[in-house]
Each structure stands twice: as C-alpha cells, then as structure tokens.
$ cat input-v3.pdb   # PDB, C-alpha atoms
ATOM      1  CA  MET A 363       1.320  20.705-120.505
ATOM      2  CA  GLY A 364       2.972  17.420-121.349
ATOM      3  CA  MET A 365       1.409  14.635-123.349
ATOM      4  CA  LYS A 366      -1.597  14.011-121.101
ATOM      5  CA  THR A 367      -5.173  14.207-122.381
ATOM      6  CA  SER A 368      -7.413  16.889-120.867
ATOM      7  CA  ARG A 369      -9.303  14.249-118.946
ATOM      8  CA  ALA A 370      -6.102  12.764-117.507
ATOM      9  CA  GLN A 371      -4.965  16.242-116.494
ATOM     10  CA  VAL A 372      -8.224  16.911-114.655
ATOM     11  CA  ARG A 373      -8.087  13.602-112.803
ATOM     12  CA  GLY A 374      -4.411  14.200-112.036
ATOM     13  CA  LEU A 375      -3.711  10.596-111.156
ATOM     14  CA  GLY A 376      -0.508  10.031-113.061
ATOM     15  CA  SER A 377       0.862   6.515-113.326
ATOM     16  CA  ALA A 378      -0.128   3.815-110.861
ATOM     17  CA  LYS A 379       3.500   3.815-109.600
ATOM     18  CA  SER A 380       3.444   0.055-109.371
ATOM     19  CA  GLY A 381       4.406  -0.954-112.912
ATOM     20  CA  THR A 382       7.674  -2.539-111.847
ATOM     21  CA  ASP A 383       6.289  -4.105-108.674
ATOM     22  CA  HIS A 384       6.028  -7.639-110.089
ATOM     23  CA  TRP A 385       9.527  -7.565-111.588
ATOM     24  CA  TRP A 386      11.034  -6.080-108.421
ATOM     25  CA  THR A 387       9.426  -8.466-105.898
ATOM     26  CA  GLN A 388      10.370 -11.402-108.153
ATOM     27  CA  ARG A 389      14.057 -10.378-107.881
ATOM     28  CA  ILE A 390      13.831  -9.787-104.108
ATOM     29  CA  SER A 391      12.342 -13.250-103.590
ATOM     30  CA  ALA A 392      15.022 -14.688-105.918
ATOM     31  CA  ILE A 393      17.832 -13.096-103.887
ATOM     32  CA  SER A 394      16.383 -14.314-100.575
ATOM     33  CA  LEU A 395      15.957 -17.827-102.012
ATOM     34  CA  ALA A 396      19.537 -17.883-103.327
ATOM     35  CA  LEU A 397      20.694 -17.076 -99.782
ATOM     36  CA  LEU A 398      18.326 -19.493 -98.003
ATOM     37  CA  ALA A 399      18.389 -22.454-100.425
ATOM     38  CA  PRO A 400      21.876 -23.816 -99.539
ATOM     39  CA  PHE A 401      21.017 -23.942 -95.819
ATOM     40  CA  PHE A 402      17.509 -25.275 -96.388
ATOM     41  CA  PHE A 403      18.413 -28.034 -98.833
ATOM     42  CA  VAL A 404      21.404 -29.395 -96.889
ATOM     43  CA  THR A 405      19.181 -29.873 -93.807
ATOM     44  CA  PHE A 406      16.294 -31.163 -95.908
ATOM     45  CA  ALA A 407      18.561 -33.651 -97.722
ATOM     46  CA  ILE A 408      19.599 -34.982 -94.297
ATOM     47  CA  ALA A 409      16.002 -35.094 -93.012
ATOM     48  CA  ILE A 410      14.394 -36.744 -96.021
ATOM     49  CA  GLY A 411      14.091 -40.518 -95.776
ATOM     50  CA  LYS A 412      14.545 -40.481 -91.987
ATOM     51  CA  PRO A 413      11.840 -41.947 -89.726
ATOM     52  CA  TRP A 414       9.428 -39.435 -88.145
ATOM     53  CA  ASP A 415      11.098 -38.978 -84.734
ATOM     54  CA  GLU A 416      14.567 -38.396 -86.240
ATOM     55  CA  ALA A 417      13.277 -36.057 -88.961
ATOM     56  CA  VAL A 418      11.220 -33.966 -86.526
ATOM     57  CA  VAL A 419      14.188 -33.543 -84.146
ATOM     58  CA  LEU A 420      16.134 -31.711 -86.882
ATOM     59  CA  TYR A 421      13.473 -29.002 -87.093
ATOM     60  CA  LYS A 422      13.414 -28.408 -83.338
ATOM     61  CA  TYR A 423      16.667 -26.485 -83.725
ATOM     62  CA  PRO A 424      15.658 -22.801 -84.075
ATOM     63  CA  PHE A 425      18.153 -22.200 -86.909
ATOM     64  CA  ASN A 426      16.766 -25.052 -89.040
ATOM     65  CA  ALA A 427      13.144 -24.164 -88.268
ATOM     66  CA  ILE A 428      13.589 -20.439 -89.010
ATOM     67  CA  VAL A 429      15.470 -21.116 -92.260
ATOM     68  CA  ALA A 430      12.820 -23.651 -93.333
ATOM     69  CA  ALA A 431       9.885 -21.316 -92.548
ATOM     70  CA  LEU A 432      11.520 -18.359 -94.336
ATOM     71  CA  PHE A 433      12.400 -20.575 -97.291
ATOM     72  CA  ILE A 434       8.822 -21.887 -97.554
ATOM     73  CA  LEU A 435       7.307 -18.382 -97.432
ATOM     74  CA  ALA A 436       9.807 -17.003 -99.985
ATOM     75  CA  VAL A 437       9.456 -20.004-102.285
ATOM     76  CA  PHE A 438       5.650 -19.827-102.491
ATOM     77  CA  HIS A 439       5.847 -16.069-103.091
ATOM     78  CA  HIS A 440       8.363 -16.758-105.885
ATOM     79  CA  ILE A 441       6.164 -19.541-107.338
ATOM     80  CA  ASN A 442       3.122 -17.255-107.220
ATOM     81  CA  LEU A 443       4.939 -14.597-109.281
ATOM     82  CA  GLY A 444       6.673 -17.044-111.628
ATOM     83  CA  LEU A 445       3.711 -19.264-112.495
ATOM     84  CA  GLN A 446       1.558 -16.136-112.926
ATOM     85  CA  VAL A 447       3.793 -15.145-115.879
ATOM     86  CA  VAL A 448       3.682 -18.689-117.300
ATOM     87  CA  ILE A 449      -0.142 -18.716-117.124
ATOM     88  CA  GLU A 450      -0.382 -15.224-118.670
ATOM     89  CA  ASP A 451       1.912 -16.344-121.518
ATOM     90  CA  TYR A 452       0.141 -19.566-122.507
ATOM     91  CA  ILE A 453      -3.500 -19.394-121.372
ATOM     92  CA  HIS A 454      -5.423 -17.008-123.605
ATOM     93  CA  ALA A 455      -9.093 -17.724-122.841
ATOM     94  CA  PRO A 456      -9.985 -14.919-120.383
ATOM     95  CA  ALA A 457     -12.226 -16.969-118.071
ATOM     96  CA  LEU A 458      -9.790 -19.893-117.847
ATOM     97  CA  ARG A 459      -6.827 -17.568-117.376
ATOM     98  CA  THR A 460      -8.496 -15.600-114.577
ATOM     99  CA  GLY A 461      -9.648 -18.828-112.948
ATOM    100  CA  MET A 462      -6.163 -20.306-113.056
ATOM    101  CA  LEU A 463      -4.611 -17.112-111.668
ATOM    102  CA  ILE A 464      -7.079 -17.074-108.763
ATOM    103  CA  GLY A 465      -6.437 -20.778-108.153
ATOM    104  CA  LEU A 466      -2.672 -20.227-108.234
ATOM    105  CA  LYS A 467      -2.798 -17.398-105.712
ATOM    106  CA  LEU A 468      -5.112 -19.290-103.348
ATOM    107  CA  LEU A 469      -2.985 -22.438-103.552
ATOM    108  CA  CYS A 470       0.299 -20.572-102.957
ATOM    109  CA  GLY A 471      -1.210 -18.776 -99.952
ATOM    110  CA  LEU A 472      -2.651 -22.014 -98.574
ATOM    111  CA  LEU A 473       0.477 -24.163 -98.974
ATOM    112  CA  GLY A 474       2.859 -21.415 -97.857
ATOM    113  CA  PHE A 475       0.872 -20.695 -94.697
ATOM    114  CA  ALA A 476       0.129 -24.358 -93.898
ATOM    115  CA  ALA A 477       3.762 -25.470 -94.321
ATOM    116  CA  ALA A 478       5.193 -22.521 -92.332
ATOM    117  CA  PHE A 479       2.607 -23.114 -89.586
ATOM    118  CA  SER A 480       3.543 -26.816 -89.544
ATOM    119  CA  ILE A 481       7.236 -25.975 -89.140
ATOM    120  CA  ALA A 482       6.335 -23.723 -86.188
ATOM    121  CA  MET A 483       4.257 -26.549 -84.675
ATOM    122  CA  ILE A 484       7.203 -28.956 -84.966
ATOM    123  CA  ALA A 485       9.610 -26.398 -83.499
ATOM    124  CA  PHE A 486       7.333 -25.549 -80.560
ATOM    125  CA  SER A 487       6.295 -29.119 -79.704
ATOM    126  CA  VAL A 488       8.227 -30.694 -76.855
TER     127      VAL A 488
ATOM    128  CA  MET B 246     -11.626 -15.100-153.277
ATOM    129  CA  SER B 247     -12.732 -11.561-152.528
ATOM    130  CA  ASN B 248     -11.524  -9.717-149.474
ATOM    131  CA  THR B 249     -14.909  -8.192-148.749
ATOM    132  CA  GLU B 250     -17.333  -9.194-145.996
ATOM    133  CA  HIS B 251     -16.464 -12.817-145.123
ATOM    134  CA  GLY B 252     -13.281 -12.833-147.131
ATOM    135  CA  ALA B 253     -11.120 -11.571-144.284
ATOM    136  CA  ALA B 254     -12.302 -14.288-141.952
ATOM    137  CA  ILE B 255     -11.682 -17.015-144.534
ATOM    138  CA  ASN B 256      -8.170 -15.765-145.259
ATOM    139  CA  ARG B 257      -7.135 -15.710-141.626
ATOM    140  CA  GLY B 258      -6.007 -19.314-141.364
ATOM    141  CA  ASN B 259      -3.671 -19.140-144.363
ATOM    142  CA  ARG B 260      -1.646 -16.156-143.299
ATOM    143  CA  PRO B 261       1.884 -16.807-142.111
ATOM    144  CA  LEU B 262       2.355 -16.526-138.364
ATOM    145  CA  SER B 263       5.271 -14.653-136.834
ATOM    146  CA  PRO B 264       8.225 -16.994-136.313
ATOM    147  CA  HIS B 265       8.499 -18.636-132.912
ATOM    148  CA  LEU B 266      11.098 -20.671-131.014
ATOM    149  CA  GLN B 267      11.045 -23.737-133.265
ATOM    150  CA  VAL B 268      12.270 -21.910-136.409
ATOM    151  CA  TYR B 269      15.554 -20.919-134.783
ATOM    152  CA  LYS B 270      18.633 -23.108-134.429
ATOM    153  CA  PRO B 271      18.941 -24.148-130.759
ATOM    154  CA  GLN B 272      21.775 -22.335-128.994
ATOM    155  CA  ILE B 273      23.069 -22.531-125.421
ATOM    156  CA  THR B 274      21.422 -19.181-124.652
ATOM    157  CA  SER B 275      17.940 -20.057-125.892
ATOM    158  CA  VAL B 276      17.983 -23.663-124.650
ATOM    159  CA  MET B 277      19.068 -22.593-121.161
ATOM    160  CA  SER B 278      16.360 -19.935-121.115
ATOM    161  CA  VAL B 279      13.685 -22.491-122.034
ATOM    162  CA  PHE B 280      14.997 -24.866-119.374
ATOM    163  CA  HIS B 281      14.881 -22.099-116.770
ATOM    164  CA  ARG B 282      11.127 -21.923-117.267
ATOM    165  CA  ILE B 283      10.663 -25.707-117.440
ATOM    166  CA  THR B 284      12.670 -26.280-114.236
ATOM    167  CA  GLY B 285      10.749 -23.416-112.591
ATOM    168  CA  VAL B 286       7.434 -25.154-113.273
ATOM    169  CA  GLY B 287       8.948 -28.497-112.189
ATOM    170  CA  ASN B 288      10.304 -27.016-108.972
ATOM    171  CA  SER B 289       6.797 -25.752-108.143
ATOM    172  CA  ILE B 290       5.622 -29.367-108.083
ATOM    173  CA  GLY B 291       8.590 -30.203-105.852
ATOM    174  CA  ALA B 292       7.577 -27.366-103.512
ATOM    175  CA  ILE B 293       4.128 -28.955-103.118
ATOM    176  CA  LEU B 294       5.877 -32.172-102.000
ATOM    177  CA  ILE B 295       8.051 -30.208 -99.541
ATOM    178  CA  ALA B 296       4.959 -28.474 -98.097
ATOM    179  CA  TRP B 297       3.198 -31.848 -97.873
ATOM    180  CA  TRP B 298       6.242 -33.312 -96.067
ATOM    181  CA  PHE B 299       6.176 -30.575 -93.382
ATOM    182  CA  ILE B 300       2.391 -30.664 -92.950
ATOM    183  CA  ALA B 301       2.547 -34.466 -92.573
ATOM    184  CA  ALA B 302       5.457 -34.211 -90.109
ATOM    185  CA  ALA B 303       3.447 -31.786 -87.944
ATOM    186  CA  SER B 304       0.339 -33.995 -88.183
ATOM    187  CA  GLY B 305       2.032 -37.053 -86.696
ATOM    188  CA  PRO B 306       3.904 -40.307 -87.423
ATOM    189  CA  GLY B 307       0.952 -41.941 -89.241
ATOM    190  CA  GLN B 308       0.581 -39.175 -91.831
ATOM    191  CA  PHE B 309       4.353 -38.824 -92.095
ATOM    192  CA  ASP B 310       4.884 -42.523 -92.880
ATOM    193  CA  PHE B 311       2.741 -42.187 -96.010
ATOM    194  CA  ILE B 312       4.762 -39.391 -97.646
ATOM    195  CA  ASN B 313       8.027 -40.886 -96.340
ATOM    196  CA  GLY B 314       7.125 -44.245 -97.859
ATOM    197  CA  PHE B 315       6.344 -42.567-101.181
ATOM    198  CA  LEU B 316       9.598 -40.574-101.239
ATOM    199  CA  THR B 317      11.726 -43.601-100.305
ATOM    200  CA  SER B 318      10.166 -45.815-102.998
ATOM    201  CA  TRP B 319      12.026 -46.225-106.311
ATOM    202  CA  PHE B 320       9.670 -43.713-107.935
ATOM    203  CA  GLY B 321      10.181 -41.279-105.061
ATOM    204  CA  HIS B 322      13.957 -41.588-105.419
ATOM    205  CA  LEU B 323      13.647 -40.929-109.153
ATOM    206  CA  LEU B 324      11.570 -37.803-108.423
ATOM    207  CA  LEU B 325      14.080 -36.588-105.825
ATOM    208  CA  LEU B 326      16.949 -37.143-108.289
ATOM    209  CA  GLY B 327      15.135 -35.051-110.898
ATOM    210  CA  PHE B 328      14.144 -32.321-108.438
ATOM    211  CA  THR B 329      17.715 -32.101-107.107
ATOM    212  CA  PHE B 330      19.199 -31.224-110.498
ATOM    213  CA  SER B 331      16.160 -29.128-111.448
ATOM    214  CA  VAL B 332      16.509 -26.970-108.311
ATOM    215  CA  CYS B 333      20.308 -26.658-108.694
ATOM    216  CA  TYR B 334      19.948 -25.645-112.337
ATOM    217  CA  HIS B 335      17.267 -23.041-111.575
ATOM    218  CA  LEU B 336      19.373 -21.635-108.705
ATOM    219  CA  CYS B 337      22.609 -21.352-110.731
ATOM    220  CA  ASN B 338      20.942 -20.031-113.868
ATOM    221  CA  GLY B 339      18.855 -17.703-111.676
ATOM    222  CA  ILE B 340      22.046 -16.134-110.299
ATOM    223  CA  ARG B 341      23.106 -15.676-113.948
ATOM    224  CA  HIS B 342      19.813 -13.864-114.543
ATOM    225  CA  LEU B 343      20.361 -11.661-111.478
ATOM    226  CA  LEU B 344      23.813 -10.699-112.831
ATOM    227  CA  TRP B 345      22.172  -9.702-116.132
ATOM    228  CA  ASP B 346      19.616  -7.661-114.165
ATOM    229  CA  ALA B 347      22.534  -5.867-112.500
ATOM    230  CA  GLY B 348      24.005  -5.121-115.926
ATOM    231  CA  TYR B 349      26.831  -7.668-116.143
ATOM    232  CA  ASN B 350      27.775 -10.414-118.629
ATOM    233  CA  PHE B 351      26.001  -9.126-121.729
ATOM    234  CA  GLY B 352      28.778  -9.848-124.239
ATOM    235  CA  LEU B 353      28.330 -12.773-126.624
ATOM    236  CA  ASP B 354      31.294 -14.648-125.122
ATOM    237  CA  ALA B 355      30.293 -13.761-121.559
ATOM    238  CA  VAL B 356      26.782 -15.126-122.139
ATOM    239  CA  ARG B 357      28.190 -18.451-123.401
ATOM    240  CA  THR B 358      30.800 -18.710-120.652
ATOM    241  CA  SER B 359      28.389 -17.869-117.833
ATOM    242  CA  GLY B 360      25.999 -20.475-119.235
ATOM    243  CA  LEU B 361      28.667 -23.174-119.108
ATOM    244  CA  VAL B 362      29.738 -22.063-115.625
ATOM    245  CA  ALA B 363      26.112 -22.213-114.419
ATOM    246  CA  LEU B 364      25.711 -25.710-115.888
ATOM    247  CA  ALA B 365      28.925 -26.966-114.258
ATOM    248  CA  ALA B 366      28.048 -25.370-110.914
ATOM    249  CA  ALA B 367      24.548 -26.876-111.011
ATOM    250  CA  GLY B 368      25.980 -30.327-111.753
ATOM    251  CA  LEU B 369      28.491 -30.135-108.895
ATOM    252  CA  MET B 370      25.881 -28.748-106.492
ATOM    253  CA  GLY B 371      23.419 -31.497-107.432
ATOM    254  CA  VAL B 372      25.961 -34.284-106.945
ATOM    255  CA  GLY B 373      27.008 -32.744-103.610
ATOM    256  CA  LEU B 374      23.414 -32.584-102.390
ATOM    257  CA  LEU B 375      22.786 -36.184-103.465
ATOM    258  CA  ILE B 376      25.888 -37.315-101.550
ATOM    259  CA  VAL B 377      24.668 -35.467 -98.417
ATOM    260  CA  GLY B 378      21.264 -37.125 -98.823
ATOM    261  CA  TRP B 379      22.788 -40.552 -99.413
ATOM    262  CA  MET B 380      25.176 -40.477 -96.441
ATOM    263  CA  ASN B 381      22.535 -39.389 -93.910
TER     264      ASN B 381
END
$ encode --input "input-v3.pdb" --output "structure tokens"
Amino acid sequence: MGMKTSRAQVRGLGSAKSGTDHWWTQRISAISLALLAPFFFVTFAIAIGKPWDEAVVLYKYPFNAIVAALFILAVFHHINLGLQVVIEDYIHAPALRTGMLIGLKLLCGLLGFAAAFSIAMIAFSV
Amino acid sequence: MSNTEHGAAINRGNRPLSPHLQVYKPQITSVMSVFHRITGVGNSIGAILIAWWFIAAASGPGQFDFINGFLTSWFGHLLLLGFTFSVCYHLCNGIRHLLWDAGYNFGLDAVRTSGLVALAAAGLMGVGLLIVGWMN
C-alpha cells in the first residue's frame, strides 16, 4: 500500500526520477572543469595580450583547440547551473525570476556555442 | 491593536525575521562559503570576456584588436588580476567542496585546515598563472 494517495496509486507515476539531476550534473561539470582548467588557463595566459596572428597560431594546435572548446562548453554548462541557483535564491518575483532564468539559459547556450564554434573556425582555418 | 481582519496584515512588519548571515560572527567556514558564490558570479563575467575573445579572434584582426586593446589597458590588467585570483580561489575551494561531497573532511579541524590549504593553493596558483602571463 505505502504512503501514496489513491489518485497517485492509480496514475502510478512514482517520482520524476530526476530530483538529483541538477546537483549531479553540477558536480560532473565541476570535475571536468577541475581537470581542464589548468591546461586551458596556462595556454590562455600565454595567448592573452599577444597580437592576433600570434594568438591565433596557439589555437591551431589540436590539443589547445580541443581543450579550449571542451572548457568553454563545460564552463557555460557550469555557469548555467550555478547562476540558476543564485537567481532562485535572491529573485523572488515570479515573472522576473522566470524571465532571468530564461535569459540565463539562452545566454549560456549562445555564448557557449558561439565561442566553441569560433575555436573550431580558428583551428580549421589555414 | 486587534488581531482580527486587518490586524494580521498590520502586524506583519514588526515581527522578528529569522536570523540570517549578518547576525553570526564571521568564521573561515562561512566567509569562504560566501566568497565561493561571489567568485562564481564574478567568474561568469570573466567567461563572457573569454567567449568574446575567441569570437573576436575568429572574426578577424580588426575585431580582435578591440578586445585585445581593452584587456591590455590598465583597467583590463586590473580585471585580469582580479579574475586570476577569483578563478583560482573558486577552483581550489571547489575541490574542497567535491571532497565534502565524497564524504571527507567534515571534522571541525579538517574544515579549518582544508580552508587554509585551499587559500594557500589558490594564492600560489594565481601567482604562477600571472608569472606565465607576464613572461609570454
């Protein structure tokens, strides 16, 4: 019998099975970033401040380009999850909160895709 | 003041609120936790700059010169200095959080020690990254 209401028993849906999804994907993105960050930031520290032709050359090496693209995708996924919690904690007006969450998700998708695509363009250009 | 009809609404503003962060004495645990969130939000702004940098680099020398000029200005250098330590702090303290998630370091002493270790590691990492950036 359990603790379910009659209605819940008839529908038989149980839990959504995704209650820990946010927590879990946040940790997975954190682990991948901890692994990628040292490689990404050493190359990026070298690249930053260099003129265009010298900076671009660094990201024509497959290793640097792959690390940078993975880092960008993981970082915007991590930002999406992290800032979502910050918004949910501090913004209480429902319309503003929903609007900010939609904006956050669109912006993370846009910047993550655009930056990763740009890295691929640099890597593939001759 | 009666508690009937409008009374409840009038009383609302005078009731004590549940205590929040500011009533507690700052400790290394709570301060580092607050800074984890602050650096996380700060790093998000840094990530926008990184994305901008790559998009500009793919777009061509003209677009790249604009962001490069901004980042190599005195204000840009100040931003990069801040982001460097912000990222290193969030990374080191994040590993501390992952260890907690795995069930380690929950003792009172362990929590203090791991906090100090994370701070020291972040400082060293930040200085190292700045040296790499400076020399190249």
$ interface_residues --input "input-v3.pdb" --of "chain A" --to "chain B" --cutoff "6 Å" --atoms "only C-alpha atoms" --output "PyMOL selection string"
chain A and resi 407-408+411+414+477+480+484
$ residues_near_point --input "input-v3.pdb" --point "(11.0, -17.9, -93.7)" --cutoff "12 Å" --atoms "only C-alpha atoms" --output "ChimeraX atom specification"
/A:391,394-395,397-399,401-402,424-439,474-475,477-479,481-482
$ atom_distance --input "input-v3.pdb" --atom1 "atom CA of A:Leu443" --atom2 "atom CA of A:Gln388"
6.4 Å
$ resolve_selection --input "input-v3.pdb" --expression "the PyMOL selection byres ((chain B and resi 272-280) around 9)" --output "list in words"
Leu266, Tyr269, Lys270, Pro271, His281, Arg282, Ile283, Thr284, Gly285, Tyr334, His335, Asn338, Val356, Arg357, Gly360 and Leu361 of chain B
$ write_last_selection --input "input-v3.pdb" --atoms "C-alpha atoms" --output "short mmCIF file (atom, residue, chain, number, x, y, z; two decimals), in the frame of the given file"
data_model
loop_
_atom_site.label_atom_id
_atom_site.label_comp_id
_atom_site.auth_asym_id
_atom_site.auth_seq_id
_atom_site.Cartn_x
_atom_site.Cartn_y
_atom_site.Cartn_z
CA LEU B 266 11.10 -20.67 -131.01
CA TYR B 269 15.55 -20.92 -134.78
CA LYS B 270 18.63 -23.11 -134.43
CA PRO B 271 18.94 -24.15 -130.76
CA HIS B 281 14.88 -22.10 -116.77
CA ARG B 282 11.13 -21.92 -117.27
CA ILE B 283 10.66 -25.71 -117.44
CA THR B 284 12.67 -26.28 -114.24
CA GLY B 285 10.75 -23.42 -112.59
CA TYR B 334 19.95 -25.64 -112.34
CA HIS B 335 17.27 -23.04 -111.58
CA ASN B 338 20.94 -20.03 -113.87
CA VAL B 356 26.78 -15.13 -122.14
CA ARG B 357 28.19 -18.45 -123.40
CA GLY B 360 26.00 -20.48 -119.24
CA LEU B 361 28.67 -23.17 -119.11
#
$ closest_residue --input "input-v3.pdb" --among "B:Phe311, B:Phe351, B:Gly287, B:Leu364" --to "B:Leu324" --atoms "all atoms listed in the file"
B:Gly287
$ atom_distance --input "input-v3.pdb" --atom1 "atom CA of A:Gly364" --atom2 "atom CA of A:Asp383"
25.2 Å
$ atom_distance --input "input-v3.pdb" --atom1 "atom CA of A:Tyr452" --atom2 "atom CA of B:Ser263"
16.0 Å
